[in-house]
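One file, upload-v8.tsv, is given below (TSV, C-alpha atoms).
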chain	number	residue	atom	x	y	z
A	1	MET	CA	0.00	0.00	0.00
A	2	ALA	CA	2.91	2.35	0.71
A	3	VAL	CA	4.30	1.72	-2.79
A	4	VAL	CA	0.96	2.69	-4.38
A	5	ARG	CA	0.81	5.84	-2.28
A	6	ASP	CA	4.39	6.79	-3.17
A	7	ASP	CA	3.72	6.14	-6.86
A	8	PHE	CA	0.57	8.28	-6.79
A	9	GLU	CA	2.30	11.10	-4.91
A	10	ALA	CA	5.21	11.04	-7.36
A	11	PHE	CA	2.78	11.27	-10.29
A	12	VAL	CA	0.93	14.19	-8.73
A	13	ALA	CA	4.18	16.01	-7.93
A	14	ALA	CA	5.47	15.53	-11.47
A	15	ARG	CA	2.30	16.27	-13.46
A	16	TYR	CA	0.28	18.61	-11.23
A	17	GLY	CA	1.18	21.78	-13.13
A	18	ALA	CA	0.32	20.37	-16.55
A	19	LEU	CA	-2.93	18.84	-15.31
A	20	LEU	CA	-3.91	22.08	-13.57
A	21	ARG	CA	-3.27	24.00	-16.79
A	22	THR	CA	-5.55	21.60	-18.66
A	23	ALA	CA	-8.22	21.94	-15.98
A	24	TYR	CA	-7.92	25.74	-16.11
A	25	LEU	CA	-8.30	25.80	-19.88
A	26	LEU	CA	-11.35	23.54	-19.59
A	27	THR	CA	-13.05	25.59	-16.88
A	28	GLY	CA	-11.82	29.11	-17.47
A	29	ASP	CA	-11.48	29.75	-13.74
A	30	HIS	CA	-8.52	29.02	-11.47
A	31	HIS	CA	-10.62	27.99	-8.47
A	32	ASP	CA	-12.88	25.74	-10.55
A	33	ALA	CA	-9.77	24.23	-12.13
A	34	GLU	CA	-8.30	23.36	-8.74
A	35	ASP	CA	-11.60	21.78	-7.68
A	36	LEU	CA	-11.87	19.87	-10.94
A	37	LEU	CA	-8.33	18.54	-10.67
A	38	GLN	CA	-8.82	17.51	-7.07
A	39	GLN	CA	-12.00	15.61	-7.98
A	40	ALA	CA	-10.17	13.90	-10.84
A	41	LEU	CA	-7.26	12.89	-8.62
A	42	VAL	CA	-9.62	11.51	-5.99
A	43	LYS	CA	-11.25	9.34	-8.67
A	44	ALA	CA	-7.87	8.34	-10.09
A	45	VAL	CA	-6.46	7.20	-6.75
A	46	GLY	CA	-9.31	4.70	-6.47
A	47	ALA	CA	-8.27	3.12	-9.76
A	48	TRP	CA	-4.53	3.55	-9.27
A	49	GLY	CA	-3.79	-0.17	-9.19
A	50	ARG	CA	-5.19	-0.53	-12.74
A	51	ILE	CA	-3.62	2.59	-14.28
A	52	THR	CA	-0.11	2.79	-12.81
A	53	GLY	CA	1.66	2.14	-16.13
A	54	ASP	CA	0.41	5.29	-17.90
A	55	PRO	CA	-2.07	7.14	-15.67
A	56	GLU	CA	-2.10	10.51	-17.42
A	57	PRO	CA	-4.59	9.65	-20.23
A	58	TYR	CA	-6.94	8.21	-17.62
A	59	VAL	CA	-6.68	11.36	-15.46
A	60	ARG	CA	-7.24	13.62	-18.50
A	61	THR	CA	-10.34	11.63	-19.39
A	62	ILE	CA	-11.65	12.11	-15.87
A	63	LEU	CA	-10.94	15.86	-16.11
A	64	VAL	CA	-12.88	16.22	-19.35
A	65	ARG	CA	-15.83	14.12	-18.22
A	66	GLN	CA	-16.01	15.78	-14.80
A	67	ASN	CA	-15.92	19.19	-16.46
A	68	ILE	CA	-18.79	18.30	-18.79
A	69	SER	CA	-20.80	16.98	-15.85
A	70	ARG	CA	-19.99	20.14	-13.87
A	71	TRP	CA	-21.06	22.29	-16.80
A	72	ARG	CA	-24.35	20.41	-17.19
A	73	ARG	CA	-25.15	20.81	-13.50
A	74	ARG	CA	-24.29	24.52	-13.48
A	75	ARG	CA	-25.67	25.77	-16.76
A	76	TRP	CA	-29.23	26.17	-15.52
A	77	ARG	CA	-27.98	28.34	-12.64
A	78	GLU	CA	-25.63	30.58	-14.56
A	79	LEU	CA	-26.67	33.58	-16.60
A	80	THR	CA	-24.70	34.47	-19.67
A	81	THR	CA	-23.89	38.03	-20.62
A	82	ASP	CA	-23.32	39.62	-23.98
A	83	ALA	CA	-19.82	40.76	-23.05
A	84	PRO	CA	-17.31	39.45	-20.56
A	85	PRO	CA	-16.26	41.73	-17.69
A	86	GLU	CA	-13.47	44.18	-18.40
A	87	THR	CA	-9.97	43.06	-17.50
A	88	ALA	CA	-6.84	45.08	-16.98
A	89	VAL	CA	-4.64	45.12	-20.07
A	90	ALA	CA	-1.31	43.46	-19.47
A	91	ASP	CA	2.04	43.48	-21.28
A	92	ASP	CA	3.19	42.13	-24.65
A	93	GLY	CA	1.12	39.34	-26.13
A	94	THR	CA	-1.20	38.93	-23.19
A	95	GLU	CA	-4.01	40.73	-24.97
A	96	ASP	CA	-4.10	37.90	-27.52
A	97	ARG	CA	-4.05	35.28	-24.76
A	98	ILE	CA	-6.86	37.07	-22.91
A	99	ALA	CA	-8.92	37.29	-26.11
A	100	LEU	CA	-8.29	33.63	-26.88
A	101	HIS	CA	-9.20	32.65	-23.31
A	102	ARG	CA	-12.46	34.59	-23.58
A	103	ALA	CA	-13.14	33.01	-26.96
A	104	LEU	CA	-12.66	29.52	-25.49
A	105	GLY	CA	-15.47	30.40	-23.10
A	106	VAL	CA	-18.00	30.62	-25.94
A	107	LEU	CA	-17.33	27.09	-27.15
A	108	ALA	CA	-19.47	24.15	-26.19
A	109	PRO	CA	-17.80	21.94	-23.55
A	110	ARG	CA	-16.85	19.17	-26.01
A	111	GLN	CA	-15.45	21.65	-28.53
A	112	ARG	CA	-13.47	23.37	-25.79
A	113	ALA	CA	-12.17	20.00	-24.58
A	114	VAL	CA	-11.07	19.05	-28.10
A	115	ILE	CA	-9.23	22.35	-28.60
A	116	VAL	CA	-7.53	22.14	-25.20
A	117	LEU	CA	-6.45	18.53	-25.63
A	118	ARG	CA	-5.32	18.93	-29.26
A	119	TYR	CA	-3.59	22.32	-29.19
A	120	TYR	CA	-2.61	22.95	-25.57
A	121	ASP	CA	-1.81	19.40	-24.49
A	122	ASP	CA	-0.54	18.34	-27.95
A	123	LEU	CA	-2.51	15.10	-28.03
A	124	THR	CA	-3.05	13.38	-31.35
A	125	GLU	CA	-6.52	12.97	-32.82
A	126	VAL	CA	-6.53	9.34	-31.70
A	127	GLN	CA	-5.44	10.22	-28.14
A	128	THR	CA	-8.04	12.99	-27.97
A	129	ALA	CA	-10.75	10.60	-29.19
A	130	GLU	CA	-9.76	8.06	-26.55
A	131	ALA	CA	-9.71	10.69	-23.79
A	132	LEU	CA	-13.17	11.92	-24.74
A	133	GLY	CA	-14.65	8.54	-25.61
A	134	ILE	CA	-15.60	9.66	-29.12
A	135	SER	CA	-14.54	8.71	-32.64
A	136	VAL	CA	-11.62	10.28	-34.49
A	137	GLY	CA	-14.08	11.67	-37.04
A	138	THR	CA	-15.95	13.44	-34.27
A	139	VAL	CA	-12.68	14.92	-33.02
A	140	LYS	CA	-12.00	16.23	-36.52
A	141	SER	CA	-15.45	17.74	-36.95
A	142	GLN	CA	-15.48	19.24	-33.44
A	143	THR	CA	-12.03	20.75	-34.09
A	144	ARG	CA	-13.14	22.20	-37.42
A	145	ASP	CA	-16.31	23.69	-35.93
A	146	ALA	CA	-14.49	25.02	-32.86
A	147	LEU	CA	-11.76	26.69	-34.93
A	148	ARG	CA	-14.39	28.25	-37.19
A	149	ARG	CA	-16.23	29.57	-34.13
A	150	LEU	CA	-13.02	30.92	-32.61
A	151	ARG	CA	-12.18	32.71	-35.86
A	152	ASP	CA	-15.65	34.28	-35.89
A	153	VAL	CA	-15.45	35.39	-32.27
A	154	VAL	CA	-11.87	36.70	-32.43
A	155	PRO	CA	-11.12	37.67	-36.04
A	156	ASP	CA	-7.86	39.37	-35.01
A	157	LEU	CA	-6.50	35.99	-33.97
A	158	ALA	CA	-7.09	34.37	-37.36
A	159	ASP	CA	-3.33	34.35	-37.98
A	160	VAL	CA	-2.74	32.53	-34.68
A	161	LEU	CA	-5.45	29.92	-35.24
A	162	VAL	CA	-4.08	27.63	-37.91
A	163	SER	CA	-6.36	24.83	-39.00
A	164	PRO	CA	-4.83	21.37	-39.34
A	165	TYR	CA	-6.92	20.82	-42.51

Show how you would write the structure in this file as structure tokens.
Amino acid sequence: MAVVRDDFEAFVAARYGALLRTAYLLTGDHHDAEDLLQQALVKAVGAWGRITGDPEPYVRTILVRQNISRWRRRRWRELTTDAPPETAVADDGTEDRIALHRALGVLAPRQRAVIVLRYYDDLTEVQTAEALGISVGTVKSQTRDALRRLRDVVPDLADVLVSPY
């Protein structure tokens, strides 16, 4: 039991930052991302004996599915606005990152998950499909639709958003 605990703690110590970044990109909020990651790690520790060889894809799948469940539970309580709240303008290049982050917020949860996994986490189409439990064709169509939507929402970032097609 001590070996399992040490293995789990080593994984969390090594991959926490990357997993938190993925959770943040999925949720759009730092606090929600921390909660989401903690929930995913709690679920992962229960299955640790089965996933010790390569646990990261399993944990990413939990993150995506937990986020979609969280979104479904919350959407009836949250009110959307026409414009996001104003944010202080930061230094070089951050305006584009802020605009892209806001644009990610307008995507449907699955589209957002596909974009995050494909372009931020550098997963292949096959890995993304496995993480989301969907077909590779669905990954391709969700990516195409999400990129189109992002280009519509943030036309100034059209040069940054390069389609793989």

statement: Taken to one decimal, the atom CA of Val126 of chain A-atom CA of Thr143 of chain A distance is 12.9 Å

query: Got a sec: who's within 10 Å of segment 54-67 of chain A, counting all atoms listed in the file, leaving out chain neighbours fewer than 5 positions off, as a VMD selection string?
result: chain A and resid 8 11 to 12 15 19 to 20 22 to 23 26 to 27 32 to 33 36 to 45 47 to 49 72 to 73 109 to 110 112 to 114 116 to 117 121 123 127 to 133

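Counting from atom CA of Asp122 of chain A, the distance to atom CA of Arg21 of chain A is 12.8 Å.
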
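In this model, the gap between atom CA of Gly46 of chain A and atom CA of Ala108 of chain A comes to 29.5 Å.
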